[in-house]
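Structure file target.cif (mmCIF, C-alpha atoms and all ligand atoms) is printed below.
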```
data_target
loop_
_atom_site.label_atom_id
_atom_site.label_comp_id
_atom_site.auth_asym_id
_atom_site.auth_seq_id
_atom_site.Cartn_x
_atom_site.Cartn_y
_atom_site.Cartn_z
CA MET A 26 95.98 -15.50 11.90
CA THR A 27 97.76 -12.24 12.63
CA ARG A 28 96.63 -9.11 14.39
CA GLN A 29 93.37 -7.76 12.92
CA ALA A 30 92.19 -4.16 13.11
CA ILE A 31 89.65 -3.84 15.94
CA GLY A 32 87.28 -1.33 14.43
CA ALA A 33 85.56 1.51 16.25
CA SER A 34 85.99 1.84 20.02
CA ARG A 35 83.17 1.45 22.49
CA ALA A 36 81.24 4.69 23.17
CA ILE A 37 83.55 6.87 25.28
CA THR A 38 81.95 9.89 26.96
CA SER A 39 83.79 12.91 28.42
CA ASP A 40 83.50 11.55 31.99
CA ASP A 41 84.54 8.00 31.11
CA PRO A 42 86.89 6.77 33.87
CA ILE A 43 88.96 4.69 31.42
CA ALA A 44 88.95 6.89 28.36
CA GLY A 45 92.19 5.37 27.03
CA VAL A 46 90.63 1.90 26.78
CA LYS A 47 89.17 1.03 23.38
CA HIS A 48 87.27 -2.09 24.34
CA VAL A 49 85.95 -3.45 27.62
CA VAL A 50 85.07 -7.14 27.62
CA LEU A 51 83.25 -8.69 30.59
CA VAL A 52 83.88 -12.37 31.26
CA ILE A 53 80.85 -13.90 32.98
CA SER A 54 79.46 -17.28 34.01
CA GLY A 55 76.25 -18.42 35.62
CA LYS A 56 78.02 -20.27 38.41
CA GLY A 57 81.47 -20.81 39.87
CA GLY A 58 83.99 -23.47 38.92
CA VAL A 59 83.33 -23.53 35.18
CA GLY A 60 86.70 -21.98 34.35
CA LYS A 61 85.74 -18.31 34.10
CA SER A 62 89.01 -17.00 35.57
CA THR A 63 91.05 -19.51 33.55
CA ALA A 64 89.30 -18.25 30.41
CA ALA A 65 89.71 -14.56 31.36
CA THR A 66 93.41 -15.16 32.03
CA ASN A 67 94.19 -17.08 28.86
CA LEU A 68 92.01 -14.88 26.68
CA SER A 69 93.95 -11.84 27.94
CA MET A 70 97.23 -13.64 27.24
CA ALA A 71 96.06 -14.60 23.74
CA LEU A 72 95.05 -11.00 22.96
CA GLY A 73 98.46 -9.88 24.26
CA ARG A 74 100.19 -12.43 22.06
CA ARG A 75 98.38 -11.04 19.03
CA GLY A 76 99.90 -7.66 19.85
CA TYR A 77 96.90 -5.94 21.44
CA ARG A 78 97.64 -3.82 24.51
CA THR A 79 95.66 -5.70 27.12
CA GLY A 80 94.70 -5.29 30.76
CA LEU A 81 92.88 -7.69 33.07
CA LEU A 82 90.77 -6.48 35.98
CA ASP A 83 89.84 -9.14 38.50
CA ALA A 84 86.41 -7.97 39.63
CA ASP A 85 85.72 -11.33 41.29
CA ILE A 86 86.13 -9.52 44.60
CA TYR A 87 84.98 -12.45 46.75
CA GLY A 88 87.17 -15.06 45.05
CA PRO A 89 90.07 -13.34 43.30
CA SER A 90 92.06 -15.94 41.31
CA ILE A 91 94.11 -13.70 39.03
CA PRO A 92 97.03 -13.22 41.48
CA THR A 93 97.49 -17.02 41.64
CA MET A 94 96.99 -17.61 37.93
CA PHE A 95 99.56 -14.95 37.04
CA GLY A 96 101.90 -15.82 39.93
CA VAL A 97 101.87 -12.25 41.22
CA THR A 98 102.44 -11.58 44.91
CA SER A 99 103.73 -7.99 44.82
CA ARG A 100 101.59 -4.99 45.66
CA PRO A 101 100.54 -2.22 43.34
CA PHE A 102 102.09 1.16 44.14
CA SER A 103 101.17 4.80 43.71
CA THR A 104 103.55 7.44 42.43
CA ASP A 105 101.37 10.41 43.36
CA GLY A 106 99.42 9.14 46.35
CA LYS A 107 96.19 9.29 44.34
CA SER A 108 96.27 6.86 41.46
CA ILE A 109 97.37 3.23 41.48
CA GLU A 110 99.79 1.69 38.99
CA PRO A 111 98.57 -1.70 37.75
CA LEU A 112 101.03 -4.56 38.03
CA GLU A 113 102.30 -6.10 34.83
CA ARG A 114 103.07 -9.74 34.04
CA PHE A 115 103.72 -11.36 30.67
CA GLY A 116 102.89 -7.97 29.12
CA ILE A 117 99.37 -7.83 30.62
CA LYS A 118 98.39 -5.00 33.00
CA LEU A 119 96.73 -6.46 36.06
CA MET A 120 94.63 -5.32 38.99
CA SER A 121 92.94 -7.44 41.63
CA ILE A 122 91.64 -6.96 45.15
CA GLY A 123 93.88 -9.97 45.86
CA PHE A 124 96.94 -7.73 45.43
CA LEU A 125 95.74 -5.54 48.29
CA LEU A 126 94.79 -8.17 50.87
CA ASP A 127 97.19 -8.79 53.76
CA ASP A 128 96.20 -12.42 53.92
CA PRO A 129 95.06 -14.01 50.66
CA LYS A 130 93.14 -16.64 52.65
CA SER A 131 91.08 -14.08 54.57
CA ALA A 132 87.53 -13.49 53.35
CA VAL A 133 86.49 -10.15 51.94
CA ILE A 134 83.32 -9.10 53.76
CA TRP A 135 81.82 -6.14 52.01
CA ARG A 136 78.32 -4.93 51.53
CA GLY A 137 77.11 -3.85 48.10
CA PRO A 138 78.06 -0.16 48.39
CA MET A 139 81.64 -0.98 49.42
CA LEU A 140 81.91 -3.45 46.57
CA ASN A 141 80.62 -0.90 44.10
CA GLY A 142 82.99 1.72 45.53
CA ALA A 143 85.96 -0.62 45.14
CA LEU A 144 85.01 -1.43 41.56
CA GLN A 145 84.66 2.20 40.64
CA GLN A 146 88.09 2.83 42.13
CA PHE A 147 89.52 0.00 40.10
CA LEU A 148 88.30 1.75 36.99
CA LYS A 149 88.87 5.37 37.93
CA ASP A 150 91.99 5.31 40.10
CA VAL A 151 94.06 2.69 38.29
CA ASN A 152 96.36 4.03 35.60
CA TRP A 153 95.25 1.67 32.86
CA GLY A 154 96.66 4.06 30.24
CA LYS A 155 96.06 3.27 26.59
CA LEU A 156 94.73 -0.24 26.03
CA ASP A 157 93.10 -2.04 23.14
CA PHE A 158 91.30 -4.40 25.54
CA LEU A 159 90.43 -4.35 29.20
CA VAL A 160 89.15 -7.81 30.10
CA ILE A 161 87.10 -7.90 33.32
CA ASP A 162 86.69 -11.15 35.24
CA LEU A 163 83.30 -10.78 36.97
CA PRO A 164 82.06 -12.76 39.96
CA PRO A 165 79.77 -15.66 38.97
CA GLY A 166 76.02 -15.32 39.02
CA THR A 167 74.35 -12.09 39.99
CA GLY A 168 74.28 -9.00 37.87
CA ASP A 169 75.17 -6.26 40.41
CA VAL A 170 78.77 -5.97 39.37
CA ALA A 171 77.95 -5.98 35.67
CA LEU A 172 75.31 -3.34 36.29
CA THR A 173 77.68 -1.14 38.31
CA LEU A 174 80.37 -1.38 35.67
CA SER A 175 78.05 -0.77 32.75
CA GLN A 176 76.63 2.32 34.44
CA ARG A 177 80.11 3.70 35.06
CA ALA A 178 81.69 3.02 31.66
CA SER A 179 80.22 1.67 28.46
CA VAL A 180 81.31 -1.88 27.77
CA SER A 181 81.87 -3.51 24.39
CA GLY A 182 80.15 -6.67 25.50
CA ALA A 183 80.35 -9.89 27.45
CA VAL A 184 81.86 -13.31 26.88
CA VAL A 185 79.92 -16.10 28.58
CA ILE A 186 81.73 -19.17 29.90
CA THR A 187 79.84 -22.43 30.17
CA THR A 188 80.43 -26.17 30.36
CA PRO A 189 78.94 -28.63 27.83
CA GLN A 190 76.01 -30.03 29.83
CA GLN A 191 72.70 -29.49 28.09
CA VAL A 192 70.91 -29.52 31.42
CA ALA A 193 71.92 -27.36 34.39
CA THR A 194 72.52 -24.40 32.12
CA ASP A 195 69.69 -22.36 33.67
CA ASP A 196 72.22 -20.22 35.51
CA VAL A 197 73.96 -19.42 32.25
CA TYR A 198 70.66 -18.45 30.61
CA LYS A 199 70.00 -16.15 33.57
CA SER A 200 73.30 -14.40 33.08
CA ILE A 201 72.52 -13.90 29.38
CA SER A 202 69.11 -12.53 30.26
CA MET A 203 70.84 -10.20 32.74
CA CYS A 204 73.09 -8.94 29.93
CA LYS A 205 70.07 -8.26 27.76
CA LYS A 206 68.30 -6.37 30.55
CA VAL A 207 71.26 -4.12 31.26
CA ASN A 208 72.00 -3.64 27.58
CA ILE A 209 75.30 -5.50 27.40
CA PRO A 210 75.76 -7.30 24.06
CA VAL A 211 76.86 -10.92 24.30
CA LEU A 212 79.93 -11.12 22.06
CA GLY A 213 80.26 -14.86 22.23
CA VAL A 214 80.31 -18.04 24.27
CA ILE A 215 83.27 -20.18 25.32
CA GLU A 216 82.56 -23.81 26.16
CA ASN A 217 85.14 -25.02 28.67
CA MET A 218 85.89 -28.59 29.76
CA SER A 219 84.40 -29.80 26.46
CA TRP A 220 86.16 -33.15 26.38
CA PHE A 221 89.14 -35.07 27.66
CA VAL A 222 91.59 -37.04 25.51
CA ASP A 223 93.13 -40.00 27.34
CA THR A 224 96.67 -41.33 26.90
CA ALA A 225 95.46 -43.70 24.15
CA GLY A 226 94.12 -40.71 22.22
CA VAL A 227 90.45 -41.54 22.89
CA LYS A 228 88.14 -38.57 23.31
CA HIS A 229 85.69 -38.60 26.25
CA GLU A 230 82.88 -36.07 26.52
CA LEU A 231 82.72 -36.22 30.31
CA PHE A 232 80.09 -33.53 30.69
CA GLY A 233 78.07 -34.35 27.59
CA SER A 234 78.02 -32.16 24.52
CA GLY A 235 76.18 -29.36 22.81
CA GLY A 236 75.76 -27.02 25.80
CA GLY A 237 78.02 -24.29 24.44
CA GLN A 238 76.26 -24.17 21.08
CA ALA A 239 72.83 -24.18 22.76
CA VAL A 240 73.84 -21.25 24.97
CA ALA A 241 75.30 -19.42 21.96
CA ASP A 242 72.06 -19.95 20.01
CA PHE A 243 70.05 -18.62 22.93
CA ALA A 244 72.28 -15.54 23.11
CA HIS A 245 72.26 -15.07 19.30
CA ALA A 246 76.04 -14.95 19.57
CA PRO A 247 78.85 -17.06 18.11
CA LEU A 248 80.39 -20.03 19.88
CA LEU A 249 83.93 -18.62 20.10
CA GLY A 250 85.51 -21.97 20.84
CA GLN A 251 85.71 -25.15 22.87
CA VAL A 252 88.48 -25.79 25.39
CA PRO A 253 89.20 -29.39 26.37
CA ILE A 254 89.95 -30.59 29.89
CA ASP A 255 93.67 -30.90 30.32
CA GLN A 256 95.51 -31.43 33.57
CA SER A 257 98.19 -28.99 32.47
CA VAL A 258 95.64 -26.13 32.46
CA ARG A 259 95.16 -26.50 36.19
CA GLU A 260 98.80 -27.26 36.91
CA TRP A 261 100.10 -24.19 35.09
CA GLY A 262 97.29 -22.08 36.52
CA ASP A 263 98.34 -23.08 40.03
CA LYS A 264 101.98 -22.45 39.19
CA GLY A 265 101.21 -18.91 38.08
CA THR A 266 101.97 -19.17 34.37
CA PRO A 267 98.87 -19.27 32.16
CA ILE A 268 98.93 -22.11 29.65
CA VAL A 269 98.99 -19.75 26.66
CA GLN A 270 102.36 -18.59 28.00
CA SER A 271 103.75 -21.89 29.30
CA MET A 272 102.72 -24.16 26.39
CA PRO A 273 102.22 -21.70 23.52
CA ASP A 274 102.21 -24.39 20.83
CA GLY A 275 99.83 -26.79 22.59
CA ALA A 276 96.20 -27.53 21.76
CA ILE A 277 94.82 -25.42 24.61
CA ALA A 278 96.86 -22.35 23.64
CA SER A 279 95.71 -22.80 20.02
CA ALA A 280 92.09 -22.95 21.20
CA PHE A 281 92.52 -19.68 23.09
CA MET A 282 94.29 -17.99 20.16
CA GLU A 283 91.36 -18.92 17.93
CA ILE A 284 88.90 -17.70 20.57
CA ALA A 285 90.76 -14.37 20.79
CA ASP A 286 90.66 -13.98 16.99
CA LYS A 287 86.92 -14.65 16.91
CA LEU A 288 86.38 -12.25 19.79
CA VAL A 289 88.23 -9.48 17.97
CA GLN A 290 86.02 -10.13 14.98
CA ALA A 291 82.86 -10.05 17.12
CA VAL A 292 83.95 -6.84 18.83
CA SER A 293 84.59 -5.17 15.49
CA GLU A 294 81.26 -6.31 14.10
CA ARG A 295 79.37 -5.12 17.16
CA ALA A 296 81.19 -1.79 17.45
CA ASP A 297 78.55 0.13 15.49
CA GLN A 298 75.69 -1.22 17.58
CA VAL A 299 77.57 -0.58 20.83
CA GLU A 300 78.19 3.03 19.83
CA SER A 301 74.49 3.68 19.58
CA ALA A 302 73.68 1.83 22.83
CA GLY A 303 73.40 4.01 25.92
CA PRO A 304 73.46 3.01 29.59
CA PRO A 305 70.58 0.93 30.97
CA VAL A 306 67.32 2.84 31.40
CA ILE A 307 65.42 2.42 34.67
CA ASP A 308 61.68 3.05 34.53
CA ARG A 309 60.88 5.12 37.63
CA GLY A 310 57.24 5.65 36.66
CA GLU A 311 54.35 4.67 38.88
CA LYS A 312 52.50 1.51 37.86
CA PRO A 313 48.68 1.35 37.60
CA ASP A 314 48.54 -0.34 41.01
CA GLY A 315 50.36 2.64 42.56
CA LYS A 316 53.51 0.64 43.28
CA ARG A 317 56.98 1.49 42.00
CA ARG A 318 59.03 -1.45 40.90
CA LEU A 319 61.84 0.31 39.04
CA PRO A 320 62.27 -2.21 36.23
CA VAL A 321 65.21 -1.92 33.86
CA THR A 322 63.56 -1.32 30.52
CA ARG A 323 66.54 -1.34 28.21
P1 LIG B 401 85.82 -20.14 37.95
O1 LIG B 401 86.54 -18.83 37.73
O2 LIG B 401 84.67 -20.34 37.01
O3 LIG B 401 85.45 -20.39 39.37
P2 LIG B 401 88.44 -21.36 37.51
O4 LIG B 401 88.95 -20.71 36.28
O5 LIG B 401 88.98 -20.88 38.83
O6 LIG B 401 86.85 -21.32 37.55
O7 LIG B 401 88.65 -22.92 37.33
C1 LIG B 401 88.30 -23.84 38.35
C2 LIG B 401 89.38 -24.94 38.39
O8 LIG B 401 89.30 -25.72 37.20
C3 LIG B 401 90.80 -24.39 38.46
O9 LIG B 401 91.58 -25.24 39.27
C4 LIG B 401 91.28 -24.46 37.02
O10 LIG B 401 92.68 -24.62 36.92
C5 LIG B 401 90.55 -25.70 36.52
N1 LIG B 401 90.27 -25.66 35.08
C6 LIG B 401 89.61 -24.70 34.40
N2 LIG B 401 89.52 -25.01 33.10
C7 LIG B 401 90.16 -26.20 32.93
C8 LIG B 401 90.42 -27.06 31.81
N3 LIG B 401 89.99 -26.76 30.59
N4 LIG B 401 91.11 -28.21 32.04
C9 LIG B 401 91.53 -28.53 33.30
N5 LIG B 401 91.33 -27.77 34.39
C10 LIG B 401 90.63 -26.62 34.22
#
```

Let's see the structure in the file written out as structure tokens.
Ligand code: ADP
Amino acid sequence: MTRQAIGASRAITSDDPIAGVKHVVLVISGKGGVGKSTAATNLSMALGRRGYRTGLLDADIYGPSIPTMFGVTSRPFSTDGKSIEPLERFGIKLMSIGFLLDDPKSAVIWRGPMLNGALQQFLKDVNWGKLDFLVIDLPPGTGDVALTLSQRASVSGAVVITTPQQVATDDVYKSISMCKKVNIPVLGVIENMSWFVDTAGVKHELFGSGGGQAVADFAHAPLLGQVPIDQSVREWGDKGTPIVQSMPDGAIASAFMEIADKLVQAVSERADQVESAGPPVIDRGEKPDGKRRLPVTR
């Protein structure tokens, strides 16, 4: 498949911090270690390969993996002392807290407000320029970061990463429910680590099967694709060249190209709905028992 038109942009207001970005795609997972950053990285590379101008923001502040996966050790710079230039690798614009840490092994200890401040800066003060897609790799689990981002700039939607187990997907369901509550459309689901093919060509479903489709059904969203377990994914990730770049003709790269094509289709189909969707609405009204619980109503 070649480059498809991506339809209407997300809703961009006059105070949007990234007004030059047509689509913002959040990559989320219920828990860590399911391959969220690997998926965000290779999805960005696949969109880039299709000719879309793509940026990747590593919002996984507590466990930034993007510097390693893209093999980037340099620091972003500023030409005017105010805004930050994103780094660029394999044609993808990149920003990560990992680029700013003196010691990549040191822990980032921030309270919520600092985290939110940093994220807003990553949107507002980074010169993302004109992009077709800004992919955002979110920390696993909780919704704070998604909420902060969606209040600051409208997002096109989220891609949920899961593994194939039918059980133990409660965390994934929670993250989908979080998306619904804060009015972020789920664009699709990627099932990672779906199977493993041994040297004799035999397929093993190490983590069971059907989890990705079940999650997609729950989210009323398409299953964008299944990515097998392959040692080379980890090896190339550790070496700093995403597999879509290092083995562009392999099965994993093909899976990500297909996922990117389906995502573009989902984004285009959802564009009309996203345009009419505003930021989340918080009900500040008093409840009959006199207590205020501030639920998110939409
Ligand atoms: P998360 O962001 O969800 O914590 P990562 O993307 O960092 O997960 O992946 C966790 C580890 O699993 C990494 O070492 C990564 O290289 C590896 N990995 C992810 N997906 C695959 C895959 N399909 N095959 C083999 N290794 C994978």

Discussion item. Just checking: using only C-alpha atoms and all ligand atoms, which residue out of A:Asp255, A:Asp196, A:Glu110, A:Asp286 ends up closest to ligand LIG 401 (chain B)?
Written reply: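 Closest candidate: A:Asp255.
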
Worksheet entry | Selected residue, from A:Ser39, A:Thr188, A:Asn152, A:Gln146, that lies nearest to Gln238 (chain A) when counting only C-alpha atoms |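 Among the listed residues, the smallest separation from Gln238 (chain A) belongs to A:Thr188.
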
Worksheet item: What separation in Å, quoted to one decimal, exists between CA of Leu144 (chain A) and atom C9 of ligand LIG 401 (chain B)?
Response: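 Result for CA of Leu144 (chain A) versus atom C9 of ligand LIG 401 (chain B): 29.1 Å, one decimal.
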
Discussion item. To check your reading of the model: which residues sit at most 9 Å from ligand LIG 401 (chain B) when counting only C-alpha atoms and all ligand atoms? Write the answer as a ChimeraX atom specification.
Written reply: /A:53-66,85,88-91,94,162-165,186-187,217-221,251-263,277

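Reported to one decimal place, the separation of CA of Val97 (chain A) from CA of Leu126 (chain A) is 12.6 Å.
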
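Picture a line from CA of Gln191 (chain A) to CA of Leu72 (chain A); it runs 29.5 Å.
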
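Every protein, DNA or RNA residue with an atom at most 7 Å from region 288-292 of chain A, where only C-alpha atoms count and chain neighbours fewer than 2 positions away do not, is listed here: A:Ile31, A:Ser181, A:Leu212, A:Leu249, A:Ile284, A:Ala285, A:Asp286, A:Glu294, A:Arg295, A:Ala296.
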
Discussion item. Can you pull out the residues contacting region 122-125 of chain A? Cut-off 7 Å, using only C-alpha atoms, and skip same-chain residues under 5 positions away; I want them as number ranges by chain.
Written reply: A: 86, 89, 92, 98-101

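Using all atoms listed in the file, the shortest contact distance between Arg114 (chain A) and any of A:Thr79, A:Gln145, A:Ser200, A:Ser234 is found at A:Thr79.
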
Worksheet entry | Test item: residues at most 7 Å from Met120 (chain A), only C-alpha atoms, excluding those fewer than 4 positions along its chain, as a ChimeraX atom specification | /A:81-83,111-112

Item to complete: Considering all atoms listed in the file, state which residue in the set A:Ser108, A:Gln29, A:Ser271, A:Gln176 is at the smallest distance from Asp157 (chain A).
Response: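 Counting all atoms listed in the file, the residue closest to Asp157 (chain A) is A:Gln29.
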
Discussion item. Please determine, counting all atoms listed in the file, which residue among A:Val46, A:Ile117, A:Val211, A:Ile37 has the shortest atom-to-atom distance to Pro267 (chain A).
Written reply: A:Ile117
